[in-house]
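What follows is the content of structure_35.cif (mmCIF, C-alpha atoms).
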```cif
data_query
loop_
_atom_site.label_atom_id
_atom_site.label_comp_id
_atom_site.auth_asym_id
_atom_site.auth_seq_id
_atom_site.Cartn_x
_atom_site.Cartn_y
_atom_site.Cartn_z
CA MET A 1131 0.00 0.00 0.00
CA LYS A 1132 2.79 2.40 0.94
CA ASN A 1133 4.64 1.77 -2.34
CA ALA A 1134 1.45 2.34 -4.32
CA SER A 1135 0.93 5.66 -2.52
CA LYS A 1136 4.52 6.65 -3.22
CA PHE A 1137 4.19 5.73 -6.87
CA ALA A 1138 0.99 7.76 -7.24
CA ALA A 1139 2.51 10.77 -5.52
CA VAL A 1140 5.68 10.69 -7.59
CA ILE A 1141 3.75 10.37 -10.84
CA GLY A 1142 1.30 13.09 -9.85
CA LEU A 1143 4.03 15.57 -9.05
CA GLY A 1144 6.63 14.66 -11.65
CA TRP A 1145 5.70 17.47 -14.02
CA ALA A 1146 9.09 17.48 -15.68
CA LEU A 1147 8.74 13.80 -16.57
CA VAL A 1148 5.39 14.16 -18.34
CA PRO A 1149 6.96 14.44 -21.82
CA CYS A 1150 9.12 11.38 -21.07
CA THR A 1151 6.10 9.41 -19.85
CA VAL A 1152 4.05 10.30 -22.93
CA ALA A 1153 6.90 9.38 -25.25
CA GLN A 1154 7.32 6.03 -23.52
CA ALA A 1155 3.59 5.31 -23.62
CA THR A 1156 3.49 5.84 -27.37
CA THR A 1157 6.34 3.45 -28.17
CA ASP A 1158 5.87 -0.12 -29.30
CA GLN A 1159 7.19 -1.47 -25.98
CA PRO A 1160 4.83 -3.75 -24.09
CA ALA A 1161 3.17 -2.08 -21.09
CA THR A 1162 4.54 -4.74 -18.73
CA GLN A 1163 8.19 -4.12 -19.60
CA THR A 1164 10.26 -2.81 -16.71
CA VAL A 1165 11.86 0.56 -17.42
CA VAL A 1166 15.59 0.45 -16.72
CA ALA A 1167 18.06 3.28 -16.31
CA THR A 1168 18.55 4.98 -19.64
CA ILE A 1169 21.01 7.68 -18.59
CA PRO A 1170 24.63 6.62 -18.08
CA GLN A 1171 25.78 7.33 -14.54
CA ASP A 1172 28.40 9.87 -15.65
CA GLN A 1173 25.66 11.91 -17.38
CA GLN A 1174 23.13 11.80 -14.54
CA PRO A 1175 22.27 15.00 -12.71
CA THR A 1176 23.69 15.57 -9.23
CA LYS A 1177 21.52 15.78 -6.13
CA GLU A 1178 22.33 19.49 -5.99
CA GLN A 1179 21.08 20.02 -9.57
CA LEU A 1180 17.87 18.19 -8.76
CA ALA A 1181 17.42 20.14 -5.53
CA LYS A 1182 17.64 23.34 -7.59
CA LEU A 1183 15.18 21.95 -10.16
CA PHE A 1184 12.70 20.97 -7.45
CA GLU A 1185 13.08 24.43 -5.92
CA VAL A 1186 12.38 26.36 -9.15
CA MET A 1187 9.51 23.96 -9.92
CA ARG A 1188 8.09 24.67 -6.44
CA LEU A 1189 7.72 20.93 -6.02
CA ARG A 1190 7.29 21.03 -2.25
CA GLN A 1191 4.53 23.67 -2.61
CA GLN A 1192 2.84 21.67 -5.37
CA PHE A 1193 2.91 18.55 -3.20
CA GLN A 1194 1.44 20.44 -0.25
CA ASN A 1195 -1.29 21.96 -2.44
CA VAL A 1196 -2.26 18.54 -3.77
CA MET A 1197 -2.34 17.12 -0.26
CA LYS A 1198 -4.59 19.98 0.92
CA ALA A 1199 -7.01 19.57 -2.00
CA MET A 1200 -7.20 15.79 -1.87
CA PRO A 1201 -9.55 15.37 1.15
CA ALA A 1202 -12.28 17.55 -0.36
CA MET A 1203 -11.99 15.78 -3.72
CA ILE A 1204 -12.24 12.37 -2.08
CA GLN A 1205 -15.21 13.49 0.06
CA GLN A 1206 -16.98 14.61 -3.12
CA GLN A 1207 -16.22 11.32 -4.85
CA ILE A 1208 -17.54 9.29 -1.93
CA GLN A 1209 -20.72 11.35 -1.79
CA ALA A 1210 -21.22 11.03 -5.56
CA GLN A 1211 -20.68 7.27 -5.41
CA SER A 1212 -23.14 6.98 -2.52
CA ARG A 1213 -25.79 8.81 -4.55
CA GLU A 1214 -25.04 6.69 -7.61
CA MET A 1215 -25.28 3.43 -5.65
CA ALA A 1216 -28.51 4.55 -3.96
CA ALA A 1217 -30.00 5.38 -7.36
CA LYS A 1218 -29.20 1.88 -8.65
CA ILE A 1219 -30.68 0.02 -5.69
CA PRO A 1220 -34.49 -0.07 -5.64
CA GLY A 1221 -35.83 1.35 -2.38
CA ALA A 1222 -32.43 2.58 -1.21
CA ASN A 1223 -32.25 5.94 0.51
CA LEU A 1224 -29.51 8.51 0.54
CA PRO A 1225 -27.77 8.90 3.89
CA THR A 1226 -29.48 11.23 6.32
CA PRO A 1227 -27.58 14.43 7.17
CA GLU A 1228 -26.47 12.76 10.41
CA GLN A 1229 -25.28 9.65 8.58
CA GLN A 1230 -23.50 11.79 5.98
CA ALA A 1231 -21.77 13.73 8.78
CA ALA A 1232 -20.61 10.43 10.32
CA ILE A 1233 -19.34 9.21 6.94
CA ASP A 1234 -17.54 12.52 6.38
CA LYS A 1235 -15.96 12.36 9.84
CA LEU A 1236 -14.73 8.80 9.30
CA THR A 1237 -13.43 9.62 5.83
CA SER A 1238 -11.64 12.68 7.18
CA LYS A 1239 -10.01 10.63 9.93
CA TYR A 1240 -8.59 8.11 7.48
CA MET A 1241 -7.62 10.78 4.94
CA ASP A 1242 -5.57 12.57 7.59
CA LYS A 1243 -3.72 9.33 8.32
CA ALA A 1244 -3.25 8.48 4.65
CA LEU A 1245 -1.95 11.92 3.75
CA ASN A 1246 0.70 11.78 6.45
CA ILE A 1247 2.10 8.41 5.34
CA TYR A 1248 4.42 9.94 2.76
CA PRO A 1249 5.98 13.25 3.88
CA ALA A 1250 7.19 15.75 1.28
CA ASP A 1251 10.85 15.30 2.26
CA GLU A 1252 10.64 11.55 1.70
CA LEU A 1253 8.84 12.03 -1.62
CA ILE A 1254 11.46 14.46 -2.86
CA GLU A 1255 14.30 12.17 -1.74
CA ASP A 1256 12.71 9.27 -3.65
CA MET A 1257 12.24 11.43 -6.73
CA ILE A 1258 15.97 12.15 -6.92
CA GLY A 1259 16.80 8.57 -7.91
CA ILE A 1260 13.98 8.43 -10.43
CA TYR A 1261 15.00 11.68 -12.08
CA GLN A 1262 18.67 10.61 -12.13
CA ARG A 1263 17.78 7.44 -14.05
CA HIS A 1264 15.62 9.22 -16.63
CA LEU A 1265 17.02 12.74 -17.10
CA SER A 1266 20.52 13.76 -18.04
CA SER A 1267 22.44 16.52 -16.34
CA THR A 1268 21.96 18.60 -19.50
CA ASP A 1269 18.19 18.00 -19.40
CA VAL A 1270 18.01 19.14 -15.78
CA ASP A 1271 20.01 22.29 -16.54
CA ALA A 1272 17.55 23.09 -19.35
CA PHE A 1273 14.56 22.47 -17.04
CA ILE A 1274 16.11 24.70 -14.38
CA ALA A 1275 16.61 27.45 -16.97
CA PHE A 1276 13.03 27.12 -18.17
CA TYR A 1277 11.29 26.83 -14.80
CA GLY A 1278 13.51 29.61 -13.43
CA SER A 1279 12.47 31.92 -16.28
CA PRO A 1280 9.41 34.19 -16.19
CA ALA A 1281 7.68 31.88 -18.71
CA GLY A 1282 8.35 28.82 -16.58
CA GLN A 1283 7.14 30.56 -13.43
CA HIS A 1284 4.04 31.71 -15.31
CA LEU A 1285 3.37 28.11 -16.34
CA LEU A 1286 3.62 27.00 -12.70
CA ASP A 1287 1.27 29.80 -11.65
CA ALA A 1288 -1.24 28.79 -14.35
CA GLN A 1289 -1.14 25.03 -13.71
CA PRO A 1290 -3.77 24.94 -10.96
CA ALA A 1291 -6.24 26.65 -13.28
#
```

Could I get this file's structure written as structure tokens?
Amino acid sequence: MKNASKFAAVIGLGWALVPCTVAQATTDQPATQTVVATIPQDQQPTKEQLAKLFEVMRLRQQFQNVMKAMPAMIQQQIQAQSREMAAKIPGANLPTPEQQAAIDKLTSKYMDKALNIYPADELIEDMIGIYQRHLSSTDVDAFIAFYGSPAGQHLLDAQPA
């Protein structure tokens, strides 16, 4: 469960890897093939380069924003699924306001626990190895230049919209 959560978080926040992921998905490689390191070790970015990239990409802030938004999104999904299931079952009723409050309280309790399983520092540390295997030092320098530029910062500002 923890590894699945880590994988989802890394994929969700790995904005710089989106073009790489799309390119890989459109190749003729089978979906079950394990992706191995493609960047020779002497061409991999340093931890310092990646720390700078993550800083200009505001990765920690993006992670925190996602984690703040997630409980409300999940609450909405649970409520929508409850309504959908009630509509499909003859004679079923929607939860009363009291029942819905109890469901929301329970969901909130477990969401708080789930969201604290994978702290931002641990996520970022795990991302370093992934980025080193898939991006060259030259790639990272180019990403730093872009995301550090006014256009890159504007893109980051516009992403939530």

Return the single residue from A:Ile1260, A:Leu1245, A:Gln1205, A:Asp1269 that is closest to Ala1231 (chain A), with distances computed using only C-alpha atoms.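 Looking only at the distances to Ala1231 (chain A), the closest residue turns out to be A:Gln1205.
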
Interatomic distance (Å, one decimal) between CA of Gln1289 (chain A) and CA of Met1187 (chain A): 11.4 Å

Enclose all atoms of region 1179-1196 of chain A listed in the file in an axis-aligned box, grow every side by 4 Å, and hand back centre and edge lengths in Å to one decimal, as lines of an AutoDock Vina configuration file.
```
center_x = 9.4
center_y = 22.3
center_z = -5.2
size_x = 31.3
size_y = 16.2
size_z = 17.9
```

Pick out the residues sitting within 12 Å of Gln1206 (chain A), and hand them over as a ChimeraX atom specification; count only C-alpha atoms, and ignore anything fewer than 4 positions along from it in its own chain. /A:1199-1202,1210-1213,1230,1233-1234,1237-1238

Mind checking which residues fall within 10 Å of region 1168-1179 of chain A, counting all atoms listed in the file, ignoring those fewer than 5 positions away in the same chain, and posting them as number ranges by chain? A: 1184-1185, 1255, 1258-1259, 1261-1271, 1274

Could you check how far CA of Arg1190 (chain A) sits from CA of Ser1279 (chain A), in Å to one decimal?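 Here the two named atoms are 18.5 Å from each other.
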
Mind giving me the straight-line distance from CA of Ile1254 (chain A) to CA of His1284 (chain A) in Å, one decimal? 22.5 Å

Would you kindly translate the PyMOL selection byres ((chain A and resi 1186) around 9) into the concrete residues it picks from this file, as JSON, numbers by chain? {"A": [1181, 1182, 1183, 1184, 1185, 1187, 1188, 1189, 1274, 1275, 1277, 1278, 1282, 1283]}

One residue among A:Pro1290, A:Pro1225, A:Pro1280, A:Pro1249 is nearest to Met1197 (chain A) when using only C-alpha atoms, and that residue is A:Pro1249

Measuring atom to atom with only C-alpha atoms, identify which of A:Asp1242, A:Leu1224, A:Glu1252, A:Ala1291 is nearest to Ile1204 (chain A). A:Asp1242
